[in-house]
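Enquirer: Could you have a look at this structure, given as structure tokens, before my questions?
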Amino acid sequence: MKILIVGTGQVGYFLCERLSVEGHEVSLIDSNAERLNRTQDRLNVLGILGNGASAEVLEQAGIKTADIFIAVTDMDEVNILACLMAREYNVHTRIARVRSIEYTGQGAVLSKEKLGIDLLINPKDAVAEEIIKIAVQSGAFDVAEFVEGQIQFLGYRIGANSPLCDLSLRELGEIRGMYRFVVTAITRGEKTIIPRGDDTIQAGDSIFIFAHQKDLPAIQYMLQPEKESERRVRRAFILGGGTIGLQIARELENKHFDVRLIDSSEQRCEQLAAKLKKTMVLCTEGTDIRTLVDEGIDHADVFIAVTGNDESNILSALLAKKHGVRRTLALINTPELLNLAPSLGIDASISPRLAAGAVILKYVRRGNVISLATIEGSNAEALEIRIKEGSTIVNTPLVDIHFPRGAIIGAIVRGSEYIIPTGETSLQPGDRVVVFALPEAVTKVEGFFE
Amino acid sequence: MKISDLLNSAAVVPDLKAGNKNAVLAELTDALKAVESGIDRDQVISVLLERERLGSTGIGEGVAIPHGKLKKIDQLLLSFGRSRQGVDFDSMDGKPAHLFFLLVAPEDSVGIHLKTLARISKLLKNADVRKRLLEAEGRDEIYRIIVQEEESL
């Protein structure tokens with residue numbers, strides 16, 4: 001497909017990278033020559049210098065033949081205007097990034113329908129939603145949903161006292177009658193593998209599993225290293241009372257968390273206290289460990305650092321961890337730091353770039369691939385595919401099909417039924433299949449199901 | 001950890017009287033208590049029920065492995081029960097359960113817990129083993145079959 005992207009910020013770069021690797025014809029418009037050249041040098045994209053809302057520039061970039069238009073500059077107005085232009089050129093799919101809730105909030109005066117934009121994406125919303133999902137799932141660090149949330153994709157970091165330590169995949173297979181989940185990948189050091197029966201899970205590993213939503217309570221009961229003390233209320237600390245922090249606090253309140261929200265600005269704290277019902281607002285620094293201890297950080301379930309400063313987020317998350325909080329989540333903007341965070345002991349790091357990028361990618365790749373999650377740091381992917389009528393791979397046991405190496409089918413949803421596949425399983429038209437694929441296998445998997 | 005090392009033949013109930021799920025859990029807990037008198041009966045039952053609420057441990061083919069984590073014990077405890085008439089255990093395949101292993105584990109040794117569960121599941125996956133256990137004369141024969149079949153796992 002021919003894709004036109006406007007803006008080379010973090011989201012734009014991420015999209016250029018992924019979409020060009022996937023074999024799409026990508027043109028990129030940016031008004032900053034230096035940024036444009038850097039992207040052109042690294043990636044296989046055609047760069048055009050200029051304003052993405054100008055007809056001349058758009059035509060130069062080939063808008064007349066473009067299938068998808070994505071406007072992700074850091075100016076809402078430019079993105080919206082560019083999308084309006086794209087509509088005039090009859091580009092089929094139009095996507096814009098907007099920061100202001102004026103366009104995305106409930107009862108927005110100018111909605112995406114009025115603007116004729118197919119997807120309006122707000123990175124802050126995307127990242128807040130991602131963080132809430134992770135905070136609510138205890139123990140897991142990377143969560144994606146497939147088949148309308150029925151199939152969950154979870155990552156677990158395996159500590160020395162994890163119940164899964166030293167368990168072989170074969171042993172896990174034996175207890176599948178009671179604990180229905182599939183370990184699709186193990187990340188050990190720099191390497192991600194798709195494990196086989198003889199492989200064992202070791203301390204320090206990260207594992208990625210697929211499980212059905214309804215089986216999660218039992219799985220979590222078993223995988224919890226220490227028992228949750230008698231159904232007590234979970235306590236969350238949030239550092240940073242910006243839009244993201246506020247949104248997370250609200251949602252966790254709804255989910256019956258005991259929330260403490262920390263911000264260093266007195267004025268902002270007053271505003272926050274007025275906007276939130278049950279949250280306790282603390283006016284201090286994230287590194288003020290004495291106050292945090294007084295407020296019970298040692299019994300807290302999760303510490304969520306979402307200030308605008310990566311270093312503060314990382315540092316205060318580490319401090320909180322040292323003082324006994326069970327899990328830490330940090331918002332990280334800088335790609336380089338994003339890869340560093342897990343090795344420091346932060347349980348999950350979330351970037352707005354990736355959160356927004358993943359939502360857009362998912363939209364662009366609609367079709368048979370209906371949902372997608374990117375596993376940070378490895379570029380491996382989990383994807384959902386619907387088996388087409390007349391597909392040549394149906395009604396043949398999987399063991400007889402040459403499924404791409406480096407990929408594994410984790411779950412099949414057939415009507416109301418959920419199947420963990422074995423070699424004898426065969427696919428049926430209409431099945432929704434959730435697949436995990438290492439980077440080198442992603443395109444092969446897509447080809448396989450074509 | 002071997003099943004035969006954990007299971008005392010005195011904790012084998014060849015003919016369960018219970019007619020429903022809760023009663024089976026109580027009867028198997030009593031069997032545990034027969035060999036490990038220190039445990040708190042009500043607490044064990046409530047732990048097992050809590051686990052059942054999250055999803056049945058009836059794995060189908062007439063087998064159920066109720067289990068749970070307990071604070072104040074030092075080692076894994078195991079009992080076995082058989083019900084010839086069968087008991088509805090909300091199993092995945094909808095069939096009544098006939099063969100039961102009950103397992104409680106200390107909270108801090110969940111890894112061994114899982115390994116033992118895997119071993120029991122594997123043992124009972126064998127249709128021949130299930131048949132032999134169902135047809136066995138009484139307690140001693142059941143115990144012998146378990147020990148013997150575990151050897152060939």
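The chains in the structure tokens are called A, B, ... from first to last as shown; in each chain the residues are counted from 1, and the ligands are counted from 1 in the order shown.
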If you count only C-alpha atoms, which residues fall within 12 Å of Ser37 of chain B, apart from same-chain ones fewer than 6 positions away, as a PyMOL selection string?

Expert: chain B and resi 11+29-31+73+77

Enquirer: Would you export the selected residues with all heavy atoms as an mmCIF file, in the first residue's frame, please?

Expert:
```cif
data_model
loop_
_atom_site.group_PDB
_atom_site.id
_atom_site.type_symbol
_atom_site.label_atom_id
_atom_site.label_comp_id
_atom_site.auth_asym_id
_atom_site.auth_seq_id
_atom_site.Cartn_x
_atom_site.Cartn_y
_atom_site.Cartn_z
ATOM 1 N N ALA B 11 -4.049 -42.122 54.023
ATOM 2 C CA ALA B 11 -4.795 -40.988 53.491
ATOM 3 C C ALA B 11 -5.499 -41.342 52.180
ATOM 4 O O ALA B 11 -5.868 -40.476 51.399
ATOM 5 C CB ALA B 11 -3.864 -39.800 53.287
ATOM 6 N N THR B 29 -10.316 -33.865 53.050
ATOM 7 C CA THR B 29 -9.592 -33.132 54.090
ATOM 8 C C THR B 29 -9.496 -33.970 55.367
ATOM 9 O O THR B 29 -8.453 -34.009 56.023
ATOM 10 C CB THR B 29 -10.282 -31.779 54.384
ATOM 11 O OG1 THR B 29 -10.410 -31.066 53.165
ATOM 12 C CG2 THR B 29 -9.485 -30.953 55.378
ATOM 13 N N ASP B 30 -10.580 -34.670 55.684
ATOM 14 C CA ASP B 30 -10.541 -35.569 56.843
ATOM 15 C C ASP B 30 -9.479 -36.650 56.657
ATOM 16 O O ASP B 30 -8.797 -37.034 57.611
ATOM 17 C CB ASP B 30 -11.918 -36.209 57.060
ATOM 18 C CG ASP B 30 -12.925 -35.194 57.596
ATOM 19 O OD1 ASP B 30 -12.481 -34.202 58.221
ATOM 20 O OD2 ASP B 30 -14.136 -35.381 57.375
ATOM 21 N N ALA B 31 -9.341 -37.118 55.414
ATOM 22 C CA ALA B 31 -8.317 -38.122 55.133
ATOM 23 C C ALA B 31 -6.920 -37.549 55.374
ATOM 24 O O ALA B 31 -6.022 -38.215 55.881
ATOM 25 C CB ALA B 31 -8.454 -38.622 53.698
ATOM 26 N N ILE B 73 1.933 -24.827 57.170
ATOM 27 C CA ILE B 73 2.406 -26.212 57.062
ATOM 28 C C ILE B 73 3.828 -26.200 56.530
ATOM 29 O O ILE B 73 4.246 -25.248 55.892
ATOM 30 C CB ILE B 73 1.492 -27.074 56.162
ATOM 31 C CG1 ILE B 73 1.250 -26.401 54.793
ATOM 32 C CG2 ILE B 73 0.157 -27.354 56.836
ATOM 33 C CD1 ILE B 73 0.497 -27.278 53.813
ATOM 34 N N LEU B 77 1.033 -31.818 51.432
ATOM 35 C CA LEU B 77 0.207 -32.882 51.971
ATOM 36 C C LEU B 77 -0.720 -33.390 50.883
ATOM 37 O O LEU B 77 -1.252 -32.613 50.098
ATOM 38 C CB LEU B 77 -0.635 -32.364 53.150
ATOM 39 C CG LEU B 77 0.148 -31.764 54.324
ATOM 40 C CD1 LEU B 77 -0.817 -31.146 55.322
ATOM 41 C CD2 LEU B 77 1.007 -32.831 54.984
#
```

Enquirer: Any chance you could tabulate, as CSV, the residues of chain B at most 8 Å from chain A with each one's nearest atom pair and distance in Å to one decimal, using only C-alpha atoms, in chain and rising number order?

Expert:
```
residue,atom,partner,partner_atom,distance
B:Arg51,CA,A:Ala218,CA,7.2
B:Leu54,CA,A:Ala218,CA,5.1
B:Gly55,CA,A:Ala218,CA,6.3
B:Ser56,CA,A:Met178,CA,7.4
B:Thr57,CA,A:Met178,CA,5.6
B:Gly58,CA,A:Met178,CA,7.6
B:Ile59,CA,A:Gly177,CA,4.9
B:Gly60,CA,A:Gly177,CA,7.8
B:Glu107,CA,A:Glu226,CA,7.2
B:Asp108,CA,A:Glu226,CA,7.2
B:Ser109,CA,A:Pro163,CA,7.3
B:Val110,CA,A:Pro163,CA,5.0
B:Gly111,CA,A:Pro163,CA,3.9
B:Ile112,CA,A:Pro163,CA,7.7
B:Leu114,CA,A:Pro163,CA,7.3
B:Lys115,CA,A:Glu171,CA,6.7
B:Leu117,CA,A:Ile175,CA,6.5
B:Ala118,CA,A:Glu174,CA,5.0
B:Arg119,CA,A:Glu174,CA,7.6
B:Ser121,CA,A:Glu174,CA,5.9
B:Lys122,CA,A:Glu174,CA,5.9
```

Enquirer: Take the residues just selected and output them with N, CA, C and O atoms as an mmCIF file, in the first residue's frame.

Expert:
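New file part-v6.cif:
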```cif
data_model
loop_
_atom_site.group_PDB
_atom_site.id
_atom_site.type_symbol
_atom_site.label_atom_id
_atom_site.label_comp_id
_atom_site.auth_asym_id
_atom_site.auth_seq_id
_atom_site.Cartn_x
_atom_site.Cartn_y
_atom_site.Cartn_z
ATOM 1 N N ARG B 51 -10.132 -21.771 45.886
ATOM 2 C CA ARG B 51 -9.497 -22.126 44.626
ATOM 3 C C ARG B 51 -10.531 -22.615 43.599
ATOM 4 O O ARG B 51 -10.457 -22.276 42.417
ATOM 5 N N LEU B 54 -12.327 -19.996 41.577
ATOM 6 C CA LEU B 54 -11.596 -19.386 40.465
ATOM 7 C C LEU B 54 -11.686 -20.239 39.203
ATOM 8 O O LEU B 54 -11.350 -19.797 38.115
ATOM 9 N N GLY B 55 -12.113 -21.472 39.348
ATOM 10 C CA GLY B 55 -12.178 -22.387 38.216
ATOM 11 C C GLY B 55 -12.061 -23.793 38.755
ATOM 12 O O GLY B 55 -11.272 -24.036 39.667
ATOM 13 N N SER B 56 -12.854 -24.720 38.207
ATOM 14 C CA SER B 56 -12.855 -26.071 38.742
ATOM 15 C C SER B 56 -11.526 -26.785 38.503
ATOM 16 O O SER B 56 -10.871 -26.577 37.489
ATOM 17 N N THR B 57 -11.144 -27.622 39.465
ATOM 18 C CA THR B 57 -9.947 -28.440 39.272
ATOM 19 C C THR B 57 -10.320 -29.808 38.718
ATOM 20 O O THR B 57 -9.496 -30.714 38.686
ATOM 21 N N GLY B 58 -11.588 -29.948 38.328
ATOM 22 C CA GLY B 58 -11.996 -31.165 37.629
ATOM 23 C C GLY B 58 -11.487 -31.096 36.206
ATOM 24 O O GLY B 58 -11.922 -30.269 35.419
ATOM 25 N N ILE B 59 -10.498 -31.946 35.868
ATOM 26 C CA ILE B 59 -9.830 -31.789 34.573
ATOM 27 C C ILE B 59 -10.419 -32.689 33.505
ATOM 28 O O ILE B 59 -9.912 -32.769 32.400
ATOM 29 N N GLY B 60 -11.504 -33.375 33.832
ATOM 30 C CA GLY B 60 -12.144 -34.222 32.825
ATOM 31 C C GLY B 60 -11.678 -35.658 32.932
ATOM 32 O O GLY B 60 -10.799 -35.981 33.737
ATOM 33 N N GLU B 107 2.664 -22.057 51.405
ATOM 34 C CA GLU B 107 2.579 -20.906 50.527
ATOM 35 C C GLU B 107 3.878 -20.585 49.816
ATOM 36 O O GLU B 107 3.883 -20.076 48.704
ATOM 37 N N ASP B 108 4.999 -20.888 50.467
ATOM 38 C CA ASP B 108 6.277 -20.485 49.875
ATOM 39 C C ASP B 108 6.915 -21.579 49.013
ATOM 40 O O ASP B 108 8.060 -21.455 48.606
ATOM 41 N N SER B 109 6.192 -22.658 48.746
ATOM 42 C CA SER B 109 6.815 -23.663 47.864
ATOM 43 C C SER B 109 5.879 -24.024 46.723
ATOM 44 O O SER B 109 5.637 -25.170 46.431
ATOM 45 N N VAL B 110 5.365 -22.961 46.097
ATOM 46 C CA VAL B 110 4.402 -23.167 45.030
ATOM 47 C C VAL B 110 5.023 -23.881 43.825
ATOM 48 O O VAL B 110 4.347 -24.588 43.085
ATOM 49 N N GLY B 111 6.345 -23.715 43.663
ATOM 50 C CA GLY B 111 7.020 -24.377 42.545
ATOM 51 C C GLY B 111 6.896 -25.890 42.630
ATOM 52 O O GLY B 111 6.531 -26.551 41.657
ATOM 53 N N ILE B 112 7.184 -26.443 43.805
ATOM 54 C CA ILE B 112 7.074 -27.887 44.005
ATOM 55 C C ILE B 112 5.614 -28.312 43.865
ATOM 56 O O ILE B 112 5.296 -29.352 43.304
ATOM 57 N N LEU B 114 3.411 -27.018 41.875
ATOM 58 C CA LEU B 114 3.102 -27.138 40.451
ATOM 59 C C LEU B 114 3.721 -28.401 39.860
ATOM 60 O O LEU B 114 3.102 -29.094 39.050
ATOM 61 N N LYS B 115 4.948 -28.682 40.264
ATOM 62 C CA LYS B 115 5.615 -29.878 39.746
ATOM 63 C C LYS B 115 4.836 -31.137 40.146
ATOM 64 O O LYS B 115 4.692 -32.067 39.348
ATOM 65 N N LEU B 117 1.624 -31.266 40.928
ATOM 66 C CA LEU B 117 0.377 -31.272 40.151
ATOM 67 C C LEU B 117 0.611 -31.846 38.759
ATOM 68 O O LEU B 117 -0.198 -32.632 38.246
ATOM 69 N N ALA B 118 1.738 -31.463 38.162
ATOM 70 C CA ALA B 118 2.061 -31.944 36.818
ATOM 71 C C ALA B 118 2.228 -33.462 36.833
ATOM 72 O O ALA B 118 1.763 -34.171 35.936
ATOM 73 N N ARG B 119 2.893 -33.946 37.871
ATOM 74 C CA ARG B 119 3.141 -35.382 37.992
ATOM 75 C C ARG B 119 1.836 -36.171 38.147
ATOM 76 O O ARG B 119 1.639 -37.193 37.520
ATOM 77 N N SER B 121 -1.191 -35.141 37.257
ATOM 78 C CA SER B 121 -1.939 -35.049 36.002
ATOM 79 C C SER B 121 -1.434 -36.060 35.001
ATOM 80 O O SER B 121 -2.198 -36.728 34.312
ATOM 81 N N LYS B 122 -0.108 -36.155 34.924
ATOM 82 C CA LYS B 122 0.499 -37.056 33.953
ATOM 83 C C LYS B 122 0.117 -38.501 34.272
ATOM 84 O O LYS B 122 -0.260 -39.271 33.378
#
```

Enquirer: Which one is closest to Ala380 of chain A: A:Tyr89, A:Tyr103, A:Phe208, A:Phe436? Count only C-alpha atoms.

Expert: A:Phe436

Enquirer: Which residues are close to Ile39 of chain B, i.e. within 10 Å by only C-alpha atoms, leaving aside same-chain residues fewer than 3 positions away? Reply as a PyMOL selection string.

Expert: chain B and resi 29-30+32-36+42-44+70+72-73

Enquirer: Please, what distance in Å, to one decimal, runs between atom CA of Ala407 of chain A and atom CA of His24 of chain A?

Expert: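 So the answer is 22.1 Å.
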
Enquirer: Can you tell me how far atom CA of Ala305 of chain A sits from atom CA of Ala320 of chain A, in Å to one decimal?

Expert: 9.9 Å

Enquirer: Between B:Asp128, B:Ala10, B:His67, B:Met1, which has the minimum distance to Thr116 of chain B (counting only C-alpha atoms)?

Expert: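 Using only C-alpha atoms, Thr116 of chain B sits closest to B:Met1.
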
Enquirer: So that I can check the surroundings of segment 381-397 of chain A, please list as a PyMOL selection string every protein, DNA and RNA residue that reaches within 10 Å of it, counting only C-alpha atoms and ignoring chain neighbours fewer than 5 positions away.

Expert: chain A and resi 144-147+151+153+184+210+362+366-376+402-403+407-413+421-439+441-442+445-446+448-450

Enquirer: Write down as a count of residues only the residues belonging to segment 278-406 of chain A that are assigned alpha helix (DSSP H) by DSSP computed on the backbone.

Expert: 42

Enquirer: Check the smallest atom-to-atom distance from each of B:Pro106, B:Arg130, B:Ala26, B:Leu16 to Gln85 of chain B using only C-alpha atoms, then report the winner.

Expert: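 Closest residue, counting only C-alpha atoms: B:Leu16.
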
Enquirer: Report the distance between atom CA of Lys2 of chain A and atom CA of Glu25 of chain A in Å, rounded to one decimal place.

Expert: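 Calculated distance between atom CA of Lys2 of chain A and atom CA of Glu25 of chain A is 4.8 Å.
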
Enquirer: At a cut-off of 10 Å, using only C-alpha atoms, what residues contact segment 64-70 of chain A? Leave out same-chain residues fewer than 2 positions from it and give the result as number ranges by chain.

Expert: A: 1-7, 12, 15, 25-28, 58-62, 72-73, 79, 82-83, 86-97, 117, 119, 360, 364

Enquirer: Mind writing the picked residues with C-alpha atoms as a PDB file, in the first residue's frame?

Expert:
```pdb
ATOM      1  CA  MET A   1       0.000   0.000   0.000  1.00  0.00           C
ATOM      2  CA  LYS A   2       1.015   3.580  -0.476  1.00  0.00           C
ATOM      3  CA  ILE A   3       1.199   5.426   2.807  1.00  0.00           C
ATOM      4  CA  LEU A   4       1.803   9.114   3.362  1.00  0.00           C
ATOM      5  CA  ILE A   5       3.043  10.211   6.759  1.00  0.00           C
ATOM      6  CA  VAL A   6       3.296  13.824   7.890  1.00  0.00           C
ATOM      7  CA  GLY A   7       5.671  14.554  10.777  1.00  0.00           C
ATOM      8  CA  GLY A  12       6.123   9.295  12.890  1.00  0.00           C
ATOM      9  CA  LEU A  15       5.499   4.252  11.944  1.00  0.00           C
ATOM     10  CA  GLU A  25       5.630   2.375  -0.031  1.00  0.00           C
ATOM     11  CA  VAL A  26       6.095   5.143   2.524  1.00  0.00           C
ATOM     12  CA  SER A  27       6.413   8.866   1.776  1.00  0.00           C
ATOM     13  CA  LEU A  28       7.254  11.247   4.567  1.00  0.00           C
ATOM     14  CA  LEU A  58       1.049  16.891  -0.742  1.00  0.00           C
ATOM     15  CA  GLU A  59       0.862  16.460  -4.499  1.00  0.00           C
ATOM     16  CA  GLN A  60       4.613  16.268  -4.702  1.00  0.00           C
ATOM     17  CA  ALA A  61       4.462  13.443  -2.164  1.00  0.00           C
ATOM     18  CA  GLY A  62       1.959  11.619  -4.358  1.00  0.00           C
ATOM     19  CA  VAL A  72       1.439  12.974  13.313  1.00  0.00           C
ATOM     20  CA  THR A  73       3.201  16.336  13.627  1.00  0.00           C
ATOM     21  CA  ASN A  79      -2.681  17.368  11.556  1.00  0.00           C
ATOM     22  CA  ALA A  82      -3.715  17.973   6.564  1.00  0.00           C
ATOM     23  CA  CYS A  83      -6.385  15.296   7.018  1.00  0.00           C
ATOM     24  CA  ALA A  86      -6.400  14.363   2.275  1.00  0.00           C
ATOM     25  CA  ARG A  87     -10.158  13.995   2.261  1.00  0.00           C
ATOM     26  CA  GLU A  88     -10.329  16.370  -0.717  1.00  0.00           C
ATOM     27  CA  TYR A  89      -7.835  14.121  -2.503  1.00  0.00           C
ATOM     28  CA  ASN A  90     -10.009  11.093  -1.701  1.00  0.00           C
ATOM     29  CA  VAL A  91      -7.438   9.244   0.343  1.00  0.00           C
ATOM     30  CA  HIS A  92      -9.295   6.250   1.717  1.00  0.00           C
ATOM     31  CA  THR A  93      -8.010   6.085   5.302  1.00  0.00           C
ATOM     32  CA  ARG A  94      -7.159   9.209   7.299  1.00  0.00           C
ATOM     33  CA  ILE A  95      -5.514   9.213  10.708  1.00  0.00           C
ATOM     34  CA  ALA A  96      -4.482  12.173  12.861  1.00  0.00           C
ATOM     35  CA  ARG A  97      -2.740  12.549  16.150  1.00  0.00           C
ATOM     36  CA  ILE A 117     -11.040  11.521  10.107  1.00  0.00           C
ATOM     37  CA  LEU A 119      -8.923   7.624  13.670  1.00  0.00           C
ATOM     38  CA  ILE A 360      -2.184   3.423  14.563  1.00  0.00           C
ATOM     39  CA  VAL A 364      -3.481   0.566   9.274  1.00  0.00           C
TER      40      VAL A 364
END
```

Enquirer: With a distance cut-off of 10 Å and only C-alpha atoms, select the neighbouring residues of Val127 of chain A, excluding the residue or stretch itself and same-chain residues fewer than 2 positions from it, and output the selection as a list in words.

Expert: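 In the requested format, the answer is Asn122, Pro123, Lys124, Asp125, Glu129, Glu130, Ile131, Ile132, Lys133, Ile244, Ile248, Val306, Leu331, Ile350, Ser351, Pro352, Arg353, Leu354, Ala355 and Ala356 of chain A.
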